[in-house]
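Pasted below: my_file13.cif, mmCIF, C-alpha atoms.
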data_start
#
loop_
_atom_site.label_atom_id
_atom_site.label_comp_id
_atom_site.auth_asym_id
_atom_site.auth_seq_id
_atom_site.Cartn_x
_atom_site.Cartn_y
_atom_site.Cartn_z
CA GLN A 115 -36.04 58.41 38.68
CA LEU A 116 -39.52 59.01 37.26
CA ALA A 117 -41.25 57.57 40.34
CA PRO A 118 -41.04 60.74 42.54
CA LEU A 119 -42.24 62.86 39.60
CA PHE A 120 -45.28 60.64 39.13
CA TYR A 121 -45.89 60.80 42.88
CA ASN A 122 -46.09 64.60 42.71
CA PHE A 123 -48.09 64.38 39.48
CA GLY A 124 -50.71 62.29 41.27
CA ARG A 125 -50.97 64.79 44.10
CA ILE A 126 -51.36 67.71 41.69
CA LEU A 127 -53.87 65.80 39.55
CA SER A 128 -55.96 65.06 42.63
CA ILE A 129 -56.40 68.79 43.23
CA LEU A 130 -57.92 69.16 39.77
CA VAL A 131 -60.07 66.03 40.13
CA PHE A 132 -61.20 65.96 43.76
CA ILE A 133 -61.74 69.66 44.57
CA PRO A 134 -64.85 69.83 42.31
CA ILE A 135 -66.15 66.70 44.08
CA LEU A 136 -65.08 67.18 47.72
CA GLY A 137 -64.64 70.96 47.75
CA ARG A 138 -61.76 72.57 49.63
CA SER A 139 -61.42 69.70 52.07
CA PRO A 140 -58.24 68.36 53.70
CA TRP A 141 -59.30 64.97 52.32
CA VAL A 142 -58.26 66.22 48.88
CA LEU A 143 -54.62 66.07 50.02
CA VAL A 144 -55.15 62.64 51.57
CA TRP A 145 -56.60 61.17 48.38
CA GLY A 146 -53.95 62.98 46.35
CA THR A 147 -51.16 61.39 48.37
CA LEU A 148 -52.77 57.96 47.91
CA LEU A 149 -53.13 58.51 44.16
CA GLY A 150 -49.52 59.71 43.91
CA SER A 151 -48.35 56.61 45.80
CA ILE A 152 -50.16 54.36 43.33
CA PHE A 153 -48.50 56.16 40.40
CA HIS A 154 -45.17 55.88 42.24
CA LEU A 155 -45.62 52.09 42.30
CA LEU A 156 -47.06 51.58 38.81
CA ILE A 157 -44.24 53.40 37.00
CA GLN A 158 -41.71 50.97 38.52
CA ILE A 159 -43.55 47.75 37.58
CA PRO A 160 -42.18 47.58 33.98
CA LEU A 161 -38.60 47.78 35.29
CA ALA A 162 -39.29 45.12 37.91
CA ARG A 163 -40.74 42.79 35.27
CA ASN A 164 -37.81 43.44 32.95
CA LEU A 165 -35.38 42.50 35.74
CA GLY A 166 -37.33 39.35 36.44
CA ILE A 167 -38.33 40.39 39.95
CA LYS A 168 -41.30 38.38 41.19
CA TYR A 169 -43.16 38.71 44.48
CA MET A 170 -43.45 35.52 46.50
CA PRO A 171 -45.66 35.70 49.64
CA ILE A 172 -43.43 33.61 51.92
CA LEU A 173 -43.27 34.29 55.65
CA ASP A 174 -40.37 32.56 57.40
CA PHE A 175 -39.33 34.01 60.75
CA LYS A 176 -36.24 31.79 60.81
CA ASP A 177 -34.96 33.04 57.47
CA LYS A 178 -31.52 34.66 57.83
CA TYR A 179 -32.53 37.59 55.61
CA PHE A 180 -35.61 38.23 57.73
CA LYS A 181 -33.47 38.23 60.87
CA SER A 182 -31.01 40.59 59.19
CA LEU A 183 -33.91 42.84 58.21
CA LEU A 184 -35.07 43.09 61.82
CA LYS A 185 -31.55 43.68 63.10
CA LEU A 186 -30.83 46.49 60.63
CA GLY A 187 -34.35 47.81 60.15
CA LEU A 188 -35.56 48.34 63.71
CA PRO A 189 -32.88 50.93 64.64
CA ARG A 190 -33.64 52.73 61.37
CA ILE A 191 -37.36 52.81 62.17
CA LEU A 192 -36.62 54.19 65.64
CA GLY A 193 -34.28 56.78 64.12
CA LEU A 194 -36.89 57.96 61.62
CA SER A 195 -39.47 58.13 64.40
CA ALA A 196 -37.13 60.24 66.53
CA GLU A 197 -36.57 62.61 63.60
CA GLN A 198 -40.33 63.08 63.21
CA VAL A 199 -40.65 63.81 66.93
CA ALA A 200 -37.84 66.38 66.60
CA ILE A 201 -39.59 68.03 63.65
CA GLY A 202 -42.81 68.16 65.67
CA VAL A 203 -41.02 69.77 68.62
CA ASP A 204 -39.46 72.35 66.28
CA ARG A 205 -42.88 73.26 64.92
CA ILE A 206 -44.42 73.51 68.38
CA ILE A 207 -41.62 75.86 69.49
CA ALA A 208 -42.00 77.94 66.32
CA TYR A 209 -45.77 78.13 66.77
CA GLY A 210 -45.32 79.64 70.24
CA LEU A 211 -43.06 82.50 69.06
CA VAL A 212 -43.95 85.71 67.18
CA GLY A 213 -46.66 85.91 64.53
CA TYR A 214 -46.07 83.92 61.34
CA SER A 215 -43.03 82.26 62.97
CA LEU A 216 -44.25 78.75 62.06
CA THR A 217 -44.67 79.77 58.41
CA ALA A 218 -41.24 81.43 58.46
CA TYR A 219 -39.74 78.26 59.92
CA GLU A 220 -41.32 76.07 57.23
CA LEU A 221 -40.23 78.36 54.38
CA GLY A 222 -36.71 78.70 55.77
CA VAL A 223 -36.29 74.94 56.15
CA ARG A 224 -37.53 74.33 52.59
CA LEU A 225 -34.88 76.71 51.29
CA ILE A 226 -32.11 75.04 53.29
CA VAL A 227 -33.20 71.54 52.24
CA ILE A 228 -32.39 72.29 48.57
CA PRO A 229 -28.57 72.40 48.94
CA ILE A 230 -28.69 69.60 51.53
CA SER A 231 -30.49 67.38 49.02
CA LEU A 232 -28.22 68.41 46.13
CA PHE A 233 -24.88 68.00 47.90
CA GLY A 234 -25.76 65.59 50.70
CA MET A 235 -28.45 63.12 49.72
CA THR A 236 -27.44 62.76 46.06
CA PHE A 237 -23.73 62.14 46.74
CA ALA A 238 -24.47 59.86 49.70
CA THR A 239 -27.04 57.82 47.76
CA ALA A 240 -24.69 57.44 44.79
CA SER A 241 -21.79 56.33 47.00
CA PHE A 242 -23.82 53.82 49.03
CA PRO A 243 -23.67 50.86 46.56
CA LEU A 244 -19.95 51.47 45.98
CA LEU A 245 -19.25 51.48 49.72
CA SER A 246 -21.36 48.34 50.18
CA LYS A 247 -19.52 46.54 47.37
CA ALA A 248 -16.12 47.48 48.79
CA TYR A 249 -17.14 46.27 52.26
CA VAL A 250 -18.49 42.95 50.97
CA HIS A 251 -15.24 42.28 49.10
CA GLY A 252 -13.16 43.33 52.11
CA ASP A 253 -11.52 46.11 50.11
CA THR A 254 -10.74 48.51 52.96
CA SER A 255 -8.50 50.73 50.83
CA THR A 256 -11.21 51.37 48.21
CA PHE A 257 -13.80 51.89 50.95
CA GLN A 258 -11.67 54.61 52.57
CA LYS A 259 -10.90 56.29 49.23
CA ILE A 260 -14.59 56.48 48.27
CA PHE A 261 -15.56 57.82 51.69
CA ILE A 262 -12.84 60.51 51.74
CA LYS A 263 -13.54 61.52 48.14
CA VAL A 264 -17.28 61.93 48.67
CA LEU A 265 -16.74 63.71 51.99
CA ASN A 266 -14.40 66.21 50.31
CA GLN A 267 -16.86 66.78 47.48
CA ILE A 268 -19.72 67.49 49.88
CA VAL A 269 -17.62 69.91 51.93
CA PHE A 270 -16.22 71.57 48.79
CA LEU A 271 -19.70 72.24 47.37
CA SER A 272 -21.67 72.96 50.55
CA LEU A 273 -19.30 75.42 52.25
CA PRO A 274 -19.57 78.09 49.50
CA VAL A 275 -23.35 77.72 49.57
CA THR A 276 -23.27 78.20 53.34
CA VAL A 277 -21.33 81.45 52.91
CA LEU A 278 -23.73 82.62 50.20
CA LEU A 279 -26.75 81.94 52.40
CA LEU A 280 -25.16 83.75 55.34
CA VAL A 281 -24.14 86.83 53.33
CA LEU A 282 -26.95 86.99 50.74
CA ARG A 283 -29.80 85.50 52.78
CA LEU A 284 -32.16 88.44 52.13
CA PRO A 285 -31.89 88.57 48.30
CA ILE A 286 -31.89 84.76 48.05
CA THR A 287 -35.02 84.51 50.18
CA ARG A 288 -36.64 87.25 48.11
CA LEU A 289 -35.64 85.51 44.89
CA PHE A 290 -37.24 82.22 45.92
CA TYR A 291 -40.41 83.50 47.57
CA GLY A 292 -40.93 86.74 45.68
CA ILE A 293 -43.13 84.66 43.40
CA PHE A 294 -45.89 85.24 45.95
CA GLY A 295 -45.81 88.90 44.94
CA ASN A 296 -47.17 91.53 47.31
CA HIS A 297 -48.42 88.84 49.69
CA PHE A 298 -44.80 88.10 50.64
CA THR A 299 -43.79 91.44 52.17
CA TRP A 300 -40.32 92.61 53.21
CA ASP A 301 -41.24 91.86 56.83
CA TYR A 302 -41.86 88.23 55.86
CA THR A 303 -38.62 88.24 53.86
CA ARG A 304 -36.59 89.38 56.86
CA LEU A 305 -38.32 86.86 59.12
CA VAL A 306 -37.56 83.91 56.79
CA ALA A 307 -34.02 85.21 56.18
CA TRP A 308 -33.30 84.99 59.93
CA VAL A 309 -34.35 81.34 59.91
CA VAL A 310 -32.21 80.70 56.81
CA MET A 311 -29.19 82.30 58.48
CA PHE A 312 -29.30 80.09 61.56
CA PHE A 313 -29.95 76.89 59.63
CA ALA A 314 -27.22 77.74 57.11
CA VAL A 315 -24.60 77.40 59.85
CA GLY A 316 -25.31 73.66 60.06
CA LEU A 317 -25.81 73.07 56.35
CA THR A 318 -22.48 71.31 55.74
CA PHE A 319 -22.91 69.11 58.82
CA GLU A 320 -26.44 68.12 57.76
CA ALA A 321 -25.17 67.22 54.29
CA LEU A 322 -22.34 65.14 55.78
CA ARG A 323 -24.77 63.34 58.06
CA SER A 324 -26.38 61.70 55.03
CA LEU A 325 -22.97 60.31 54.02
CA LEU A 326 -22.13 59.13 57.54
CA TYR A 327 -25.46 57.30 57.84
CA ARG A 328 -24.95 55.42 54.59
CA THR A 329 -21.35 54.64 55.47
CA TYR A 330 -22.54 52.82 58.59
CA TYR A 331 -25.38 51.15 56.66
CA ALA A 332 -22.82 49.90 54.13
CA VAL A 333 -21.01 48.03 56.93
CA HIS A 334 -24.33 46.64 58.22
CA ASN A 335 -24.47 48.86 61.28
CA SER A 336 -27.65 50.83 61.85
CA LEU A 337 -27.27 51.12 65.64
CA ILE A 338 -24.61 53.88 65.71
CA PRO A 339 -26.63 56.19 63.39
CA LEU A 340 -29.57 55.70 65.77
#
Can you dump the structure from the file as structure tokens?
Amino acid sequence: QLAPLFYNFGRILSILVFIPILGRSPWVLVWGTLLGSIFHLLIQIPLARNLGIKYMPILDFKDKYFKSLLKLGLPRILGLSAEQVAIGVDRIIAYGLVGYSLTAYELGVRLIVIPISLFGMTFATASFPLLSKAYVHGDTSTFQKIFIKVLNQIVFLSLPVTVLLLVLRLPITRLFYGIFGNHFTWDYTRLVAWVVMFFAVGLTFEALRSLLYRTYYAVHNSLIPL
């Protein structure tokens, strides 16, 4: 759990270290991301050693696990690539609209991602090993119970948030981004609030998508999510 924090710590530290050296260059962010990635790895090494995990540089194309990796991994890689293309298309469309629309899109999405991560990613990630274990043991009843329970929890928690974002989108947007002070005017607030409103409609479905993906991954099927 500390790994993502150290990743961000490395990126922040790079700003303090590299800006005096490189100036206000985009390369500061590049080096910061690299430094954060190194911290992300190093913090996990003690746990790996404690668990007795050792790296063995063996390359065997006939290995059943390697074949399984290709079978399950390739659709996932294609799916992630498609998502990045979709994000790029969204940004291009936003860039071609009214002034500051791209910034409003980015800020609106960041606000929506918070409940999606809280109620979608966290529940789905926690349920994934349980679903996998039930599938391996052929326990269909437990598998169904876990899936239904997590699905109900996600819906139960995300629907009220959806209503709050639809009804109170202006004050919520102002609460989150008012930290920018006078630079974040009421015109910007209304612009971001519009984005939040439209994305809020699909919040529950986006949260459930994380669960559905991992449900298919638990049964060793990455083609349907693709």
query = Quick one: residues within 12 Å of Lys263 (chain A), only C-alpha atoms counted, chain neighbours fewer than 6 positions away excluded, as a PyMOL selection string?
reply = chain A and resi 237-238+241+245+256-257+269-270+325
message = I'd like the residues picked by the PyMOL selection byres ((chain A and resi 274-278) around 9) written out as number ranges by chain, using the chain letters and numbers from the file.
response = A: 229, 269-273, 279-283, 286, 311, 314-318
Let me have the centre and edge lengths in Å, one decimal, of the box along x, y and z around every listed atom of region 134-140 of chain A with 8 Å of margin on each side, as lines of an AutoDock Vina configuration file.
center_x = -62.2
center_y = 69.6
center_z = 48.0
size_x = 23.9
size_y = 21.9
size_z = 27.4
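Distances from A:Ser246, A:Val310, A:Leu136, A:Leu130 to Arg224 (chain A) were compared using all atoms listed in the file, and the smallest one belongs to A:Val310.
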inquiry  = Can you tell me which residues surround Ala218 (chain A) at a distance of at most 8 Å, considering all atoms listed in the file, apart from same-chain residues fewer than 6 positions away, and format the answer as a PyMOL selection string?
reply    = chain A and resi 302+305-306+309
key: Shortest interatomic distance to Asp204 (chain A) - which of A:Tyr291, A:Leu165, A:Glu220, A:Ile191, counting all atoms listed in the file   = A:Glu220
task = May I have the residues at most 9 Å from (-20.1, 63.5, 54.8) in the file's coordinates, counting only C-alpha atoms, as number ranges by chain?
result = A: 234, 237-238, 261-262, 264-269, 318-327, 329
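Picture a line from CA of Ala117 (chain A) to CA of Ser336 (chain A); it runs 26.3 Å.
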ask   = If I put a ball of radius 12 Å at (-52.9, 63.8, 39.5) in the file's coordinates, which residues poke into it when counting all atoms listed in the file, written as a list in words?
value =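 Neighbouring residues, ordered by chain and number, come to Leu119, Phe120, Tyr121, Asn122, Phe123, Gly124, Arg125, Ile126, Leu127, Ser128, Ile129, Leu130, Val131, Phe132, Ile133, Val142, Leu143, Trp145, Gly146, Thr147, Leu148, Leu149, Gly150, Ser151, Ile152, Phe153 and His154 of chain A.
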task = Can you work out the spacing between CA of Thr287 (chain A) and CA of Gln198 (chain A) in Å, to one decimal?
result =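 So the answer is 25.6 Å.
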query = Which neighbours of Ile338 (chain A) fall inside 10 Å, counting all atoms listed in the file, when residues of the same chain fewer than 5 positions from it are skipped, and could you give them as an MDAnalysis selection string?
reply = chainID A and resid 189 327 330:331
key: Residue nearest Tyr219 (chain A) among A:Arg328, A:His334, A:Arg304, A:His297 (counting only C-alpha atoms)   =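 Using only C-alpha atoms, Tyr219 (chain A) sits closest to A:Arg304.
Taking CA of Ala332 (chain A) and CA of Phe242 (chain A) as endpoints, the distance between them is 6.5 Å.
Shortest atom-to-atom contact with Leu216 (chain A) among A:Ile228, A:Leu156, A:Val144, A:Ile201: A:Ile201, counting only C-alpha atoms.
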task = Give the answer as one residue: which of A:Thr217, A:Leu184, A:Met235, A:Leu194 has the shortest atom-to-atom distance to Phe298 (chain A), using all atoms listed in the file?
result = A:Thr217
